[in-house]
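Down below is the structure, laid out as structure tokens.
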Amino acid sequence: MTAGSAPSASSVHQAATDGAGAIPRHVAIIMDGNGRWAEQRGLPRVAGHRAGAEAVRRSLQAAADAGVEVLTLYAFSSENWRRSDDEIADLKGLMRYYLELELERLMDEGVRLRLIGDYQAFGPLMTRQLEAAVERTSANRRLTLVVALSYGSRSELAAVAAKLASRAVTGELDPSRIDEATVEAELDTAGLPDPDLLIRTSGEVRLSNFLLWQCAYSELLFTPVLWPDFDEAAFHSAIEQYSARQRRFGGR
Ligand code: FPP
């Protein structure tokens, strides 16, 4: 925060949870390594994604049991459209199947579904199914599951710039009053706390255009475990490592 500027809602939250021993309110995960997991077993890539969907179920349960409030999963990036048509169709089929199968469990576990990204790009059928699931789970309060679909952080930020610019042109918004809170209110993640902990599996050490604004002060954890092997124990170990860290948010 620059001297004199008002702290944003998320930075106030962060200051309040500073200190060792805390459970992260918001965990975000870049689920990576499905393809390599399948390759190591001589299986088609779709088998890795299927095993990855099982890992989603386990992490969701572990997060709810640990008292995490928000779990954000990077299910499909805006760059993933470069994959083969077959793989995209497999992923789409799997996500639709998972959603149909898991909706009752989301209800039973008090999980509210929220979407970020250009999920309409998956077509009208999947869009309707996703929006129906969001609507059906909207009153649930135990945990918010945020699924990033056709998501890219740079295009999210460009869209915010376009929205603010058009409000400035109509005179509704004074450009000199644009601050962090103004931007945050237009992000896909508006109203959610920033991720306290960002996990990436499979040994890759990069952010891949995921939540670049929101992760400004997140603790980053990179693990060599491939996503389909990421189980409850791995989730709890990540929470323990987070709890042992001292967060400073730019202070001392
Ligand atoms: C990255 O592994 C994973 C993905 C691009 C897809 C993630 C999708 C799932 C876990 C399936 C179901 C999702 C939900 C929300 C039910 P990769 O294919 O890039 O692996 P690689 O780097 O080893 O090739």
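Here's how to read the names in the structure tokens: chain A, B, ... by the order shown, residue numbers from 1 in each chain, ligand numbers from 1 in the order shown.
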
* Asked: Which of stretch 71-252 of chain A counts as strand (DSSP E) under DSSP, as a VMD selection string please?
  -> chain A and resid 71 to 77 111 to 116 143 to 151 197 to 200 219 to 222

* So which bits of stretch 100-234 of chain A end up alpha helix (DSSP H) when you DSSP the backbone, as a PyMOL selection string? -> chain A and resi 100-108+124-136+153-169+180-184+232-234

With a cut-off of 7 Å, could you pull out the residues of chain A touching ligand 1 and give me the nearest pair of atoms for each, distance in Å to one decimal, using only C-alpha atoms and all ligand atoms, ordered by chain and ascending number, as a tab-separated table?
```
residue	atom	partner	partner_atom_place_in_ligand_line	distance
A:Met31	CA	ligand 1	3 (C)	5.4
A:Asp32	CA	ligand 1	1 (C)	3.8
A:Gly33	CA	ligand 1	23 (O)	3.3
A:Asn34	CA	ligand 1	20 (O)	4.0
A:Gly35	CA	ligand 1	24 (O)	3.6
A:Arg36	CA	ligand 1	23 (O)	3.6
A:Trp37	CA	ligand 1	23 (O)	6.3
A:His49	CA	ligand 1	11 (C)	4.8
A:Arg50	CA	ligand 1	11 (C)	6.2
A:Gly52	CA	ligand 1	10 (C)	4.0
A:Ala53	CA	ligand 1	12 (C)	4.1
A:Val56	CA	ligand 1	16 (C)	6.2
A:Leu73	CA	ligand 1	15 (C)	6.7
A:Tyr74	CA	ligand 1	7 (C)	6.9
A:Ala75	CA	ligand 1	7 (C)	4.3
A:Phe76	CA	ligand 1	5 (C)	5.5
A:Asn80	CA	ligand 1	5 (C)	6.6
A:Leu91	CA	ligand 1	11 (C)	6.3
A:Leu94	CA	ligand 1	12 (C)	6.2
A:Met95	CA	ligand 1	16 (C)	4.8
A:Tyr98	CA	ligand 1	16 (C)	5.5
A:Leu99	CA	ligand 1	16 (C)	7.0
A:Val147	CA	ligand 1	15 (C)	6.3
```

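Near A:Tyr242, within 8 Å and counting only C-alpha atoms, sit Ala22, Ile23, Pro24, Leu197, Glu219, Ala238, Ile239 and Arg245 of chain A; same-chain residues fewer than 3 positions away were not included.
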
With C-alpha atoms kept, could you save the residues just selected as an mmCIF file, in the first residue's frame?
```
data_model
loop_
_atom_site.group_PDB
_atom_site.id
_atom_site.type_symbol
_atom_site.label_atom_id
_atom_site.label_comp_id
_atom_site.auth_asym_id
_atom_site.auth_seq_id
_atom_site.Cartn_x
_atom_site.Cartn_y
_atom_site.Cartn_z
ATOM 1 C CA ALA A 22 -3.098 -19.746 10.961
ATOM 2 C CA ILE A 23 -5.250 -21.795 8.616
ATOM 3 C CA PRO A 24 -5.354 -20.089 5.194
ATOM 4 C CA LEU A 197 -1.681 -19.811 -0.182
ATOM 5 C CA GLU A 219 2.500 -17.511 0.041
ATOM 6 C CA ALA A 238 0.719 -27.769 2.460
ATOM 7 C CA ILE A 239 -1.443 -26.182 5.167
ATOM 8 C CA ARG A 245 5.508 -19.207 7.589
#
```

* Asked: What is the atom CA of A:Leu187 to atom CA of A:Leu211 distance in Å?
  -> 9.9 Å

* For A:Asp188, the nearest of the candidates A:Ala234, A:Ile116, A:Leu221, A:Leu212, counting only C-alpha atoms ->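 Going through A:Ala234, A:Ile116, A:Leu221, A:Leu212 one by one, the smallest distance to A:Asp188 is for A:Ile116.
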
* Might you pull out every residue within 12 Å of A:Val68, with only C-alpha atoms counted and same-chain residues fewer than 5 positions away left off, and present them as a PyMOL selection string? => chain A and resi 22-28+59-63+111+141-145+193+195-197+235-236+239

Please produce a file of the residues just selected, as an mmCIF file, in the first residue's frame, where the atoms kept are N, CA, C and O atoms.
```
data_model
loop_
_atom_site.group_PDB
_atom_site.id
_atom_site.type_symbol
_atom_site.label_atom_id
_atom_site.label_comp_id
_atom_site.auth_asym_id
_atom_site.auth_seq_id
_atom_site.Cartn_x
_atom_site.Cartn_y
_atom_site.Cartn_z
ATOM 1 N N ALA A 22 -1.743 -19.985 11.483
ATOM 2 C CA ALA A 22 -3.098 -19.746 10.961
ATOM 3 C C ALA A 22 -3.451 -20.730 9.851
ATOM 4 O O ALA A 22 -2.594 -21.187 9.113
ATOM 5 N N ILE A 23 -4.723 -21.030 9.752
ATOM 6 C CA ILE A 23 -5.250 -21.795 8.616
ATOM 7 C C ILE A 23 -5.511 -20.776 7.502
ATOM 8 O O ILE A 23 -6.115 -19.736 7.753
ATOM 9 N N PRO A 24 -5.062 -21.051 6.273
ATOM 10 C CA PRO A 24 -5.354 -20.089 5.194
ATOM 11 C C PRO A 24 -6.852 -20.007 4.939
ATOM 12 O O PRO A 24 -7.528 -21.030 4.889
ATOM 13 N N ARG A 25 -7.356 -18.805 4.785
ATOM 14 C CA ARG A 25 -8.781 -18.645 4.443
ATOM 15 C C ARG A 25 -9.017 -19.074 3.012
ATOM 16 O O ARG A 25 -10.034 -19.638 2.689
ATOM 17 N N HIS A 26 -8.065 -18.740 2.148
ATOM 18 C CA HIS A 26 -8.238 -18.999 0.715
ATOM 19 C C HIS A 26 -7.011 -19.735 0.172
ATOM 20 O O HIS A 26 -5.899 -19.237 0.256
ATOM 21 N N VAL A 27 -7.248 -20.916 -0.360
ATOM 22 C CA VAL A 27 -6.179 -21.695 -1.001
ATOM 23 C C VAL A 27 -6.477 -21.769 -2.498
ATOM 24 O O VAL A 27 -7.604 -22.106 -2.895
ATOM 25 N N ALA A 28 -5.493 -21.426 -3.319
ATOM 26 C CA ALA A 28 -5.652 -21.528 -4.770
ATOM 27 C C ALA A 28 -4.662 -22.578 -5.281
ATOM 28 O O ALA A 28 -3.537 -22.674 -4.766
ATOM 29 N N SER A 59 -9.221 -32.994 -2.520
ATOM 30 C CA SER A 59 -8.779 -31.685 -2.018
ATOM 31 C C SER A 59 -9.950 -30.860 -1.501
ATOM 32 O O SER A 59 -9.818 -30.129 -0.522
ATOM 33 N N LEU A 60 -11.075 -30.995 -2.174
ATOM 34 C CA LEU A 60 -12.261 -30.259 -1.741
ATOM 35 C C LEU A 60 -12.660 -30.721 -0.330
ATOM 36 O O LEU A 60 -12.939 -29.903 0.550
ATOM 37 N N GLN A 61 -12.658 -32.027 -0.133
ATOM 38 C CA GLN A 61 -13.008 -32.571 1.190
ATOM 39 C C GLN A 61 -11.986 -32.118 2.238
ATOM 40 O O GLN A 61 -12.357 -31.679 3.330
ATOM 41 N N ALA A 62 -10.703 -32.225 1.884
ATOM 42 C CA ALA A 62 -9.648 -31.849 2.839
ATOM 43 C C ALA A 62 -9.747 -30.369 3.190
ATOM 44 O O ALA A 62 -9.568 -29.979 4.350
ATOM 45 N N ALA A 63 -10.048 -29.539 2.200
ATOM 46 C CA ALA A 63 -10.152 -28.095 2.450
ATOM 47 C C ALA A 63 -11.332 -27.807 3.373
ATOM 48 O O ALA A 63 -11.208 -27.026 4.337
ATOM 49 N N VAL A 111 -21.161 -26.612 -0.024
ATOM 50 C CA VAL A 111 -20.194 -25.946 -0.911
ATOM 51 C C VAL A 111 -20.921 -25.074 -1.936
ATOM 52 O O VAL A 111 -21.836 -25.526 -2.620
ATOM 53 N N ARG A 141 -22.786 -22.159 2.552
ATOM 54 C CA ARG A 141 -21.871 -21.239 3.213
ATOM 55 C C ARG A 141 -20.596 -21.865 3.782
ATOM 56 O O ARG A 141 -19.706 -21.175 4.236
ATOM 57 N N ARG A 142 -20.487 -23.220 3.769
ATOM 58 C CA ARG A 142 -19.328 -23.797 4.452
ATOM 59 C C ARG A 142 -18.024 -23.503 3.701
ATOM 60 O O ARG A 142 -17.006 -23.170 4.309
ATOM 61 N N LEU A 143 -18.056 -23.665 2.404
ATOM 62 C CA LEU A 143 -16.848 -23.418 1.597
ATOM 63 C C LEU A 143 -17.256 -22.922 0.216
ATOM 64 O O LEU A 143 -18.262 -23.374 -0.325
ATOM 65 N N THR A 144 -16.492 -21.997 -0.327
ATOM 66 C CA THR A 144 -16.719 -21.545 -1.703
ATOM 67 C C THR A 144 -15.685 -22.209 -2.601
ATOM 68 O O THR A 144 -14.475 -22.063 -2.362
ATOM 69 N N LEU A 145 -16.171 -22.963 -3.588
ATOM 70 C CA LEU A 145 -15.285 -23.580 -4.573
ATOM 71 C C LEU A 145 -15.304 -22.707 -5.819
ATOM 72 O O LEU A 145 -16.339 -22.556 -6.462
ATOM 73 N N PRO A 193 -11.756 -13.023 -0.543
ATOM 74 C CA PRO A 193 -10.437 -12.637 -0.019
ATOM 75 C C PRO A 193 -9.353 -13.090 -0.993
ATOM 76 O O PRO A 193 -9.563 -14.038 -1.752
ATOM 77 N N PRO A 195 -6.043 -15.021 -2.276
ATOM 78 C CA PRO A 195 -5.479 -16.303 -1.826
ATOM 79 C C PRO A 195 -4.371 -16.070 -0.792
ATOM 80 O O PRO A 195 -3.502 -15.220 -0.991
ATOM 81 N N ASP A 196 -4.448 -16.803 0.305
ATOM 82 C CA ASP A 196 -3.351 -16.754 1.294
ATOM 83 C C ASP A 196 -2.235 -17.685 0.849
ATOM 84 O O ASP A 196 -1.067 -17.421 1.080
ATOM 85 N N LEU A 197 -2.641 -18.781 0.222
ATOM 86 C CA LEU A 197 -1.681 -19.811 -0.182
ATOM 87 C C LEU A 197 -1.970 -20.224 -1.624
ATOM 88 O O LEU A 197 -3.108 -20.557 -1.959
ATOM 89 N N PHE A 235 -2.382 -32.265 1.005
ATOM 90 C CA PHE A 235 -3.096 -31.013 1.281
ATOM 91 C C PHE A 235 -2.778 -30.533 2.704
ATOM 92 O O PHE A 235 -2.442 -29.366 2.924
ATOM 93 N N HIS A 236 -2.869 -31.463 3.662
ATOM 94 C CA HIS A 236 -2.602 -31.070 5.053
ATOM 95 C C HIS A 236 -1.150 -30.624 5.235
ATOM 96 O O HIS A 236 -0.873 -29.698 5.994
ATOM 97 N N ILE A 239 -0.881 -27.098 4.154
ATOM 98 C CA ILE A 239 -1.443 -26.182 5.167
ATOM 99 C C ILE A 239 -0.450 -26.009 6.317
ATOM 100 O O ILE A 239 -0.243 -24.897 6.815
#
```

* Asked: What is the atom CA of A:Arg200-atom CA of A:Glu232 distance in Å, reported with one decimal?
  ->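 A separation of 15.3 Å between them.
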
* Asked: In Å, how far is it from atom CA of A:Ala162 to atom CA of A:Ala216?
  -> 21.7 Å

* Got a sec: who's within 10 Å of stretch 100-103 of chain A, counting only C-alpha atoms, leaving out chain neighbours fewer than 4 positions off, as a list in words? ->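 Residues near the query, excluding close chain neighbours: Arg57, Leu94, Met95, Arg96, Met107, Asp108, Glu109, Val111, Leu113, Gln129, Leu130, Ala133, Val134, Arg136 and Thr137 of chain A.
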
Where does stretch 191-250 of chain A meet stretch 170-183 of chain A within 12 Å, residue by residue, with the nearest atom pair and distance in Å to one decimal for each, counting only C-alpha atoms, listed by chain and rising number, as a Markdown table?
```
| residue | atom | partner | partner_atom | distance |
| --- | --- | --- | --- | --- |
| A:Gly191 | CA | A:Ala181 | CA | 10.4 |
| A:Trp213 | CA | A:Val183 | CA | 9.7 |
| A:Gln214 | CA | A:Val183 | CA | 10.9 |
```

* Asked: Of the candidates A:Gly93, A:Gly48, A:Gly117, A:Gly250, which one gets nearest to A:Leu149 if we count only C-alpha atoms?
  ->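 The shortest atom-to-atom distance to A:Leu149 comes from A:Gly117.
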
* Asked: Counting only C-alpha atoms, which of A:Ala139, A:Ala132, A:Leu198, A:Ala64 gets nearest to A:Cys215?
  -> A:Leu198
